[in-house]
$ cat final_5.txt   # compact mmCIF, C-alpha atoms and all ligand atoms
# COMPACT_ATOMS: atom_id res chain seq x y z
CA MET S 170 26.01 -53.81 -101.59
CA ILE S 171 25.44 -51.59 -104.61
CA HIS S 172 25.85 -53.08 -108.06
CA ALA S 173 26.26 -50.05 -110.29
CA SER S 174 26.00 -52.36 -113.29
CA THR S 175 22.62 -53.88 -112.36
CA ALA S 176 19.98 -52.68 -114.82
CA LEU S 177 16.35 -52.22 -113.81
CA PRO S 178 14.76 -55.28 -115.52
CA THR S 179 17.41 -57.61 -114.07
CA HIS S 180 16.82 -56.22 -110.61
CA VAL S 181 13.06 -56.71 -110.80
CA LEU S 182 13.54 -60.29 -112.03
CA ASN S 183 16.04 -61.03 -109.25
CA GLU S 184 13.72 -59.63 -106.59
CA GLN S 185 11.13 -62.30 -107.41
CA ALA S 186 8.43 -60.51 -105.46
CA PHE S 187 5.72 -62.42 -107.36
CA THR S 188 5.09 -65.70 -109.14
CA PRO S 189 7.46 -66.20 -112.12
CA THR S 190 4.85 -65.06 -114.68
CA ASP S 191 3.89 -61.98 -112.69
CA THR S 192 7.56 -61.15 -112.07
CA ILE S 193 8.24 -61.12 -115.82
CA GLU S 194 5.15 -59.01 -116.43
CA ILE S 195 5.97 -56.45 -113.73
CA SER S 196 9.54 -56.30 -115.00
CA HIS S 197 8.09 -55.43 -118.41
CA VAL S 198 5.83 -52.72 -116.93
CA LEU S 199 8.75 -51.12 -115.10
CA SER S 200 10.95 -51.30 -118.21
CA GLN S 201 8.27 -49.48 -120.21
CA ILE S 202 7.92 -46.87 -117.46
CA ALA S 203 11.70 -46.44 -117.59
CA LEU S 204 11.50 -45.98 -121.36
CA ALA S 205 8.85 -43.28 -120.96
CA GLY S 206 11.06 -41.68 -118.30
CA LYS S 207 14.03 -41.55 -120.69
CA ILE S 208 11.91 -39.91 -123.39
CA ILE S 209 10.45 -37.36 -120.94
CA ALA S 210 13.90 -36.61 -119.47
CA SER S 211 15.18 -35.97 -122.99
CA ASP S 212 12.19 -33.70 -123.76
CA LEU S 213 12.84 -31.74 -120.58
CA ARG S 214 16.54 -31.34 -121.36
CA HIS S 215 15.65 -29.75 -124.70
CA ALA S 216 12.57 -27.86 -123.50
CA GLY S 217 14.01 -24.34 -123.68
CA MET S 218 15.24 -24.93 -127.24
CA SER S 219 12.02 -26.25 -128.75
CA ASP S 220 8.51 -24.85 -128.69
CA VAL S 221 7.29 -26.97 -125.75
CA LEU S 222 7.25 -24.53 -122.84
CA GLY S 223 4.06 -22.82 -121.71
CA SER S 224 0.42 -23.73 -121.58
CA THR S 225 -1.73 -25.64 -124.07
CA GLY S 226 -4.59 -23.27 -123.24
CA LYS S 227 -6.66 -26.24 -121.95
CA THR S 228 -7.61 -27.29 -118.42
CA ASN S 229 -7.59 -30.88 -117.16
CA ILE S 230 -10.21 -32.82 -115.20
CA GLN S 231 -8.84 -31.17 -112.03
CA GLY S 232 -9.57 -27.72 -113.49
CA GLU S 233 -5.81 -27.05 -113.68
CA GLU S 234 -4.04 -25.45 -116.62
CA VAL S 235 -2.43 -28.10 -118.85
CA GLN S 236 1.15 -27.30 -119.85
CA LYS S 237 2.43 -28.48 -123.22
CA LEU S 238 4.89 -30.77 -121.46
CA ASP S 239 2.08 -32.26 -119.30
CA GLU S 240 0.32 -33.28 -122.48
CA ARG S 241 3.51 -34.56 -124.07
CA ALA S 242 4.42 -36.65 -121.01
CA ASN S 243 0.95 -38.16 -120.94
CA THR S 244 1.13 -39.03 -124.64
CA THR S 245 4.56 -40.56 -124.11
CA PHE S 246 3.23 -42.95 -121.45
CA VAL S 247 0.19 -43.85 -123.53
CA ASN S 248 2.41 -44.52 -126.57
CA VAL S 249 4.87 -46.77 -124.77
CA PHE S 250 2.00 -48.91 -123.48
CA GLU S 251 0.11 -48.95 -126.77
CA ALA S 252 -0.30 -52.54 -127.97
CA ASN S 253 1.43 -54.03 -124.91
CA GLU S 254 -0.06 -57.22 -123.45
CA VAL S 255 0.56 -56.53 -119.77
CA VAL S 256 -1.07 -53.19 -118.95
CA ARG S 257 -4.69 -53.09 -120.00
CA THR S 258 -5.71 -49.68 -118.70
CA VAL S 259 -3.97 -46.40 -118.09
CA VAL S 260 -5.51 -43.95 -115.62
CA SER S 261 -3.88 -40.53 -115.72
CA GLU S 262 -4.23 -37.14 -114.13
CA GLU S 263 -4.35 -35.75 -117.65
CA MET S 264 -7.23 -37.95 -118.91
CA GLU S 265 -10.74 -37.72 -117.57
CA LYS S 266 -11.56 -41.33 -118.55
CA PRO S 267 -9.41 -44.43 -118.27
CA TYR S 268 -7.51 -45.23 -121.47
CA VAL S 269 -7.98 -48.85 -122.51
CA VAL S 270 -5.19 -50.39 -124.60
CA ARG S 271 -6.90 -51.73 -127.72
CA GLY S 272 -4.02 -52.82 -129.94
CA ALA S 273 -2.91 -55.85 -127.90
CA ARG S 274 -3.51 -59.43 -129.10
CA ARG S 275 -4.54 -60.37 -125.57
CA PRO S 276 -5.58 -57.94 -122.85
CA GLY S 277 -3.19 -57.23 -120.00
CA LYS S 278 -3.86 -58.07 -116.35
CA TYR S 279 -2.77 -54.74 -114.87
CA ALA S 280 -3.90 -51.14 -114.59
CA LEU S 281 -1.36 -48.32 -114.47
CA TYR S 282 -2.15 -45.08 -112.61
CA LEU S 283 -0.07 -42.03 -113.48
CA ASP S 284 0.75 -38.48 -112.74
CA PRO S 285 2.76 -38.15 -115.97
CA LEU S 286 4.41 -34.86 -115.07
CA ASP S 287 4.30 -33.88 -111.43
CA GLY S 288 5.17 -30.33 -110.43
CA SER S 289 4.06 -28.61 -113.63
CA SER S 290 4.58 -25.13 -112.18
CA ASN S 291 8.32 -25.93 -112.23
CA ILE S 292 8.46 -26.50 -115.99
CA ASP S 293 9.09 -22.92 -117.07
CA VAL S 294 11.62 -22.23 -114.30
CA ASP S 295 13.85 -25.29 -114.76
CA ALA S 296 13.10 -26.72 -111.30
CA PRO S 297 12.63 -30.45 -110.53
CA LEU S 298 9.79 -32.47 -112.02
CA GLY S 299 8.64 -36.04 -111.58
CA SER S 300 6.38 -38.79 -112.88
CA ILE S 301 4.51 -40.90 -110.32
CA PHE S 302 3.18 -44.40 -111.01
CA SER S 303 1.15 -47.10 -109.32
CA VAL S 304 0.32 -50.57 -110.63
CA HIS S 305 -2.72 -52.61 -109.63
CA ARG S 306 -3.86 -56.03 -110.74
CA LEU S 307 -7.27 -56.05 -112.41
CA SER S 308 -9.78 -58.70 -111.43
CA GLU S 309 -10.22 -61.47 -114.00
CA THR S 310 -13.77 -60.35 -114.75
CA SER S 311 -12.86 -56.71 -115.29
CA ASP S 312 -13.28 -55.16 -118.73
CA GLY S 313 -10.54 -52.71 -117.73
CA GLU S 314 -12.87 -49.80 -118.36
CA SER S 315 -15.53 -49.64 -115.71
CA GLU S 316 -14.62 -47.11 -113.06
CA GLN S 317 -15.79 -49.43 -110.30
CA ASP S 318 -13.15 -52.03 -111.24
CA LEU S 319 -10.42 -49.41 -111.18
CA LEU S 320 -11.13 -47.97 -107.72
CA LYS S 321 -8.42 -49.78 -105.76
CA PRO S 322 -7.13 -49.04 -102.26
CA GLY S 323 -3.41 -48.39 -101.82
CA VAL S 324 -2.90 -51.67 -99.92
CA ASP S 325 -3.62 -53.54 -103.16
CA GLN S 326 -0.79 -51.94 -105.16
CA VAL S 327 1.61 -54.46 -106.69
CA ALA S 328 4.24 -51.88 -107.63
CA ALA S 329 4.71 -48.14 -107.32
CA GLY S 330 7.33 -45.46 -107.54
CA TYR S 331 8.44 -42.34 -109.30
CA LEU S 332 10.83 -40.84 -111.78
CA LEU S 333 12.63 -37.69 -110.72
CA TYR S 334 13.99 -35.29 -113.32
CA GLY S 335 16.58 -33.29 -111.38
CA PRO S 336 20.32 -32.89 -111.82
CA SER S 337 20.21 -36.59 -112.71
CA THR S 338 17.21 -38.70 -113.68
CA LEU S 339 16.20 -41.22 -111.02
CA LEU S 340 13.77 -44.08 -110.96
CA VAL S 341 12.65 -45.28 -107.52
CA TYR S 342 10.41 -48.33 -107.24
CA THR S 343 8.96 -50.83 -104.83
CA CYS S 344 7.21 -54.11 -105.50
CA GLY S 345 6.63 -54.65 -101.78
CA LYS S 346 10.17 -55.94 -101.15
CA GLY S 347 12.02 -52.77 -100.23
CA VAL S 348 12.68 -49.55 -102.10
CA HIS S 349 15.31 -49.43 -104.82
CA LEU S 350 16.85 -46.45 -106.53
CA PHE S 351 18.20 -46.33 -110.08
CA THR S 352 20.07 -43.52 -111.79
CA LEU S 353 19.93 -42.98 -115.52
CA ASP S 354 23.40 -43.24 -117.03
CA PRO S 355 23.00 -40.80 -119.92
CA GLU S 356 25.98 -42.25 -121.77
CA ILE S 357 24.53 -45.73 -122.12
CA GLY S 358 20.85 -44.77 -121.76
CA GLU S 359 20.20 -47.28 -118.98
CA PHE S 360 18.87 -46.99 -115.42
CA LEU S 361 21.48 -48.57 -113.12
CA LEU S 362 21.01 -49.55 -109.49
CA THR S 363 22.57 -46.96 -107.21
CA ALA S 364 20.90 -47.73 -103.85
CA GLN S 365 18.88 -50.71 -102.73
CA ASN S 366 16.67 -51.29 -99.72
CA VAL S 367 16.59 -47.57 -99.03
CA GLN S 368 15.48 -46.83 -95.45
CA ALA S 369 13.98 -43.49 -94.41
CA PRO S 370 15.36 -42.16 -91.09
CA ALA S 371 12.90 -42.95 -88.26
CA ARG S 372 12.66 -39.23 -87.59
CA GLY S 373 13.98 -36.11 -89.23
CA LYS S 374 14.02 -32.36 -88.77
CA LEU S 375 12.75 -31.41 -92.19
CA TYR S 376 9.24 -30.17 -92.98
CA SER S 377 7.98 -29.63 -96.50
CA VAL S 378 4.75 -27.71 -97.03
CA ASN S 379 3.31 -24.75 -98.94
CA GLU S 380 3.15 -22.50 -95.89
CA GLY S 381 1.38 -19.78 -97.85
CA ASN S 382 -1.76 -21.81 -97.12
CA TYR S 383 -1.36 -21.43 -93.32
CA GLN S 384 -4.54 -19.35 -92.83
CA LYS S 385 -6.62 -22.01 -94.60
CA TRP S 386 -5.62 -24.89 -92.29
CA SER S 387 -7.32 -26.29 -89.21
CA LYS S 388 -6.06 -25.20 -85.77
CA GLY S 389 -4.34 -28.58 -85.33
CA VAL S 390 -2.28 -28.23 -88.51
CA GLN S 391 -1.40 -24.61 -87.68
CA GLN S 392 -0.27 -25.69 -84.19
CA TYR S 393 1.88 -28.44 -85.68
CA ILE S 394 3.64 -25.96 -87.98
CA ASP S 395 4.07 -23.50 -85.07
CA PHE S 396 5.57 -26.38 -83.05
CA VAL S 397 8.18 -27.37 -85.66
CA LYS S 398 9.34 -23.75 -85.85
CA GLU S 399 9.80 -23.31 -82.07
CA SER S 400 13.31 -23.36 -80.61
CA ASP S 401 13.98 -26.35 -78.35
CA VAL S 402 17.43 -27.87 -78.16
CA ALA S 403 16.25 -31.12 -76.54
CA SER S 404 13.95 -31.98 -79.45
CA ASP S 405 16.25 -30.49 -82.10
CA ARG S 406 13.82 -27.74 -83.10
CA PRO S 407 13.31 -25.62 -85.11
CA TYR S 408 13.05 -27.98 -88.08
CA SER S 409 14.25 -26.90 -91.53
CA SER S 410 11.80 -26.01 -94.26
CA ARG S 411 12.26 -27.26 -97.85
CA TYR S 412 9.58 -27.07 -100.56
CA SER S 413 10.05 -27.34 -104.31
CA GLY S 414 6.42 -27.55 -105.49
CA CYS S 415 7.08 -31.01 -106.96
CA PHE S 416 5.58 -33.73 -104.76
CA ALA S 417 7.95 -36.47 -105.96
CA ALA S 418 11.02 -34.27 -105.39
CA ASP S 419 9.87 -33.15 -101.95
CA VAL S 420 9.01 -36.69 -100.84
CA HIS S 421 12.32 -37.96 -102.24
CA ARG S 422 14.18 -35.52 -100.00
CA VAL S 423 12.15 -36.68 -97.00
CA LEU S 424 12.82 -40.32 -97.92
CA LEU S 425 16.58 -39.77 -97.88
CA LYS S 426 16.94 -37.16 -95.13
CA GLY S 427 13.95 -37.81 -92.85
CA GLY S 428 11.09 -35.49 -91.91
CA LEU S 429 7.57 -34.84 -93.13
CA TYR S 430 5.87 -33.75 -96.36
CA LEU S 431 2.38 -32.39 -95.83
CA TYR S 432 -0.39 -31.07 -98.05
CA PRO S 433 -3.25 -30.78 -95.54
CA GLY S 434 -6.92 -30.26 -96.25
CA GLU S 435 -8.15 -26.68 -96.04
CA MET S 436 -11.18 -25.24 -94.24
CA ASP S 437 -13.11 -24.76 -97.49
CA LYS S 438 -11.38 -27.68 -99.29
CA PRO S 439 -11.09 -30.46 -96.69
CA GLU S 440 -10.03 -33.03 -99.28
CA GLY S 441 -6.82 -31.08 -99.98
CA LYS S 442 -5.09 -30.96 -103.35
CA LEU S 443 -3.17 -34.15 -104.01
CA ARG S 444 -4.74 -37.08 -105.82
CA LEU S 445 -5.13 -40.36 -103.94
CA MET S 446 -4.58 -43.03 -106.56
CA TYR S 447 -1.68 -41.63 -108.57
CA GLU S 448 0.07 -39.33 -106.10
CA ALA S 449 -0.59 -40.12 -102.43
CA ALA S 450 -0.99 -43.92 -102.52
CA PRO S 451 2.12 -44.72 -104.60
CA LEU S 452 4.39 -42.46 -102.57
CA THR S 453 2.96 -43.87 -99.34
CA PHE S 454 3.71 -47.39 -100.60
CA VAL S 455 7.32 -46.31 -101.24
CA MET S 456 7.61 -44.58 -97.87
CA GLU S 457 6.11 -47.53 -95.97
CA GLN S 458 8.51 -49.91 -97.68
CA ALA S 459 11.32 -47.63 -96.51
CA GLY S 460 10.08 -47.77 -92.90
CA GLY S 461 8.08 -44.52 -92.93
CA GLY S 462 4.38 -43.92 -93.39
CA GLY S 463 1.55 -41.97 -94.95
CA SER S 464 -1.63 -40.64 -93.38
CA THR S 465 -4.51 -38.27 -94.00
CA GLY S 466 -3.81 -37.02 -90.48
CA VAL S 467 -6.57 -39.31 -89.25
CA GLU S 468 -6.22 -42.62 -91.09
CA SER S 469 -3.70 -44.51 -93.15
CA LEU S 470 -3.64 -43.37 -96.79
CA GLN S 471 -3.26 -46.99 -97.86
CA SER S 472 -6.54 -48.16 -96.36
CA ILE S 473 -8.78 -45.62 -98.12
CA GLN S 474 -11.22 -47.17 -100.57
CA PRO S 475 -11.46 -44.60 -103.39
CA THR S 476 -14.89 -43.61 -104.61
CA ARG S 477 -13.65 -41.59 -107.62
CA LEU S 478 -10.67 -42.03 -109.93
CA HIS S 479 -9.42 -38.47 -109.50
CA GLN S 480 -10.19 -38.27 -105.78
CA ARG S 481 -8.14 -35.86 -103.69
CA VAL S 482 -6.92 -36.47 -100.17
CA PRO S 483 -5.04 -34.67 -97.36
CA VAL S 484 -1.46 -35.95 -97.18
CA PHE S 485 1.11 -36.39 -94.40
CA ILE S 486 3.98 -38.57 -95.65
CA GLY S 487 7.38 -39.15 -94.14
CA SER S 488 9.45 -40.60 -91.34
CA HIS S 489 7.50 -42.81 -88.98
CA GLU S 490 7.89 -40.60 -85.88
CA ASN S 491 7.16 -37.37 -87.77
CA VAL S 492 3.91 -38.79 -89.18
CA GLN S 493 2.85 -39.94 -85.69
CA GLN S 494 3.66 -36.54 -84.21
CA ALA S 495 1.73 -34.62 -86.88
CA GLN S 496 -1.26 -36.93 -86.40
CA GLN S 497 -1.35 -36.11 -82.69
CA PHE S 498 -1.66 -32.39 -83.49
CA VAL S 499 -4.26 -32.92 -86.22
CA GLN S 500 -6.42 -35.14 -83.99
CA ALA S 501 -6.05 -33.10 -80.80
P1 LIG S 601 0.83 -31.52 -110.95
O1 LIG S 601 1.88 -30.74 -111.62
O2 LIG S 601 0.85 -32.96 -111.33
O3 LIG S 601 -0.53 -30.92 -111.07
O4 LIG S 601 1.19 -31.57 -109.38
C1 LIG S 601 1.44 -30.43 -108.66
C2 LIG S 601 1.19 -30.78 -107.21
O5 LIG S 601 0.04 -31.57 -107.09
C3 LIG S 601 2.37 -31.43 -106.49
O6 LIG S 601 3.44 -31.79 -107.27
C4 LIG S 601 2.87 -30.39 -105.53
O7 LIG S 601 3.29 -30.94 -104.31
C5 LIG S 601 1.72 -29.50 -105.37
O8 LIG S 601 0.90 -29.62 -106.52
C6 LIG S 601 2.16 -28.09 -105.28
O9 LIG S 601 1.04 -27.33 -105.07
P2 LIG S 601 1.10 -25.82 -104.59
O10 LIG S 601 1.55 -25.03 -105.77
O11 LIG S 601 -0.31 -25.56 -104.20
O12 LIG S 601 2.05 -25.76 -103.45
$ encode --input "final_5.txt" --output "structure tokens"
Amino acid sequence: MIHASTALPTHVLNEQAFTPTDTIEISHVLSQIALAGKIIASDLRHAGMSDVLGSTGKTNIQGEEVQKLDERANTTFVNVFEANEVVRTVVSEEMEKPYVVRGARRPGKYALYLDPLDGSSNIDVDAPLGSIFSVHRLSETSDGESEQDLLKPGVDQVAAGYLLYGPSTLLVYTCGKGVHLFTLDPEIGEFLLTAQNVQAPARGKLYSVNEGNYQKWSKGVQQYIDFVKESDVASDRPYSSRYSGCFAADVHRVLLKGGLYLYPGEMDKPEGKLRLMYEAAPLTFVMEQAGGGGSTGVESLQSIQPTRLHQRVPVFIGSHENVQQAQQFVQA
């Protein structure tokens, strides 16, 4: 049953996925993420009218051009967690080094991993954007700064999700007890529960990929894409193609409609494009909690032990049967 008057913090507290103390702390983290989301959504709504479109002229640690709104979204997240006593470290696509919160009276127990503004190429064309987050618990001995302490596999996530800035602003989260969807009510400025325990269809006829990269893929990936485009009534092919260039938006569609999102490795770039800790792992956690899965094509994305904070990884995320099917092609 949907309670359109249930606000995000209440929902997290009611879920009681953790011990009482941890539940309160995670509720606080998600409330702060929601606050950042509201600020970013407001920035995006006014983007064309203020001088925030376009590039900063800098490149990030990934070698990608940093848009003004990328920088602004990153600063927004850092600011809302400044001086908080729950999150100790923020790792972000836009910061080479982890940011350690210094203003708190006592250091937080958690690390937050972020893609502050996902789908940057959509900024100037008014297409969907997202923010992706993942929360890990730091070990008691961690100083919150050493890279080694921050290299956590996806299976250890305590919470994850994304904000989606589309026709409405959504916040989707999991704490390991199902996937829950909130919609920002712009009138009252609150995220309200609009779907709980979201389940991805077991299979779907949607594929989401940048097919312009076809020539760069392995034979297995090419054969999979050829397969989904063949006509076959019995297996409901051809599939439909949908691709926005925003990972969170494309995975959200797959979550609700069923199918597969893929960003495979390439012959001269086998690690692919997407980042493990703040893109692939959180969205795999969401998809798994909704009954789907996430794979590199060879192994589960959740079991990978990262060796670098900004590590990239090939990604196949979606409905359970679609992930299995793609894996068979990749491994053949
Ligand atoms: P950022 O805007 O955070 O760099 O993310 C963009 C992205 O990693 C992801 O959102 C898209 O799925 C993917 O890149 C799109 O890449 P292509 O332009 O290569 O298709």
$ closest_residue --input "final_5.txt" --among "S:His349, S:Tyr432, S:Val423, S:Leu339" --to "S:Asn382" --atoms "only C-alpha atoms"
S:Tyr432
$ closest_residue --input "final_5.txt" --among "S:Glu314, S:Asp325, S:Asp212, S:Asp293" --to "ligand LIG 601 (chain S)" --atoms "only C-alpha atoms and all ligand atoms"
S:Asp293
$ axis_aligned_box --input "final_5.txt" --around "ligand LIG 601 (chain S)" --padding-each-side "5 Å" --output "JSON"
{"center_x": 1.5, "center_y": -29.0, "center_z": -107.5, "size_x": 14.0, "size_y": 17.9, "size_z": 18.2}
$ residues_near_ligand --input "final_5.txt" --ligand "ligand LIG 601 (chain S)" --cutoff "10 Å" --atoms "only C-alpha atoms and all ligand atoms" --output "NGL selection string"
:S and (229 or 231-236 or 239 or 261-263 or 283-292 or 297-301 or 377-382 or 412-420 or 430-432 or 441-444 or 447-449 or 481 or 484)
$ residues_around --input "final_5.txt" --residues "S:Lys374" --least-positions-apart "2" --cutoff "10 Å" --atoms "all atoms listed in the file" --output "number ranges by chain"
S: 372, 376, 397, 404-410, 423, 426-429, 488, 491
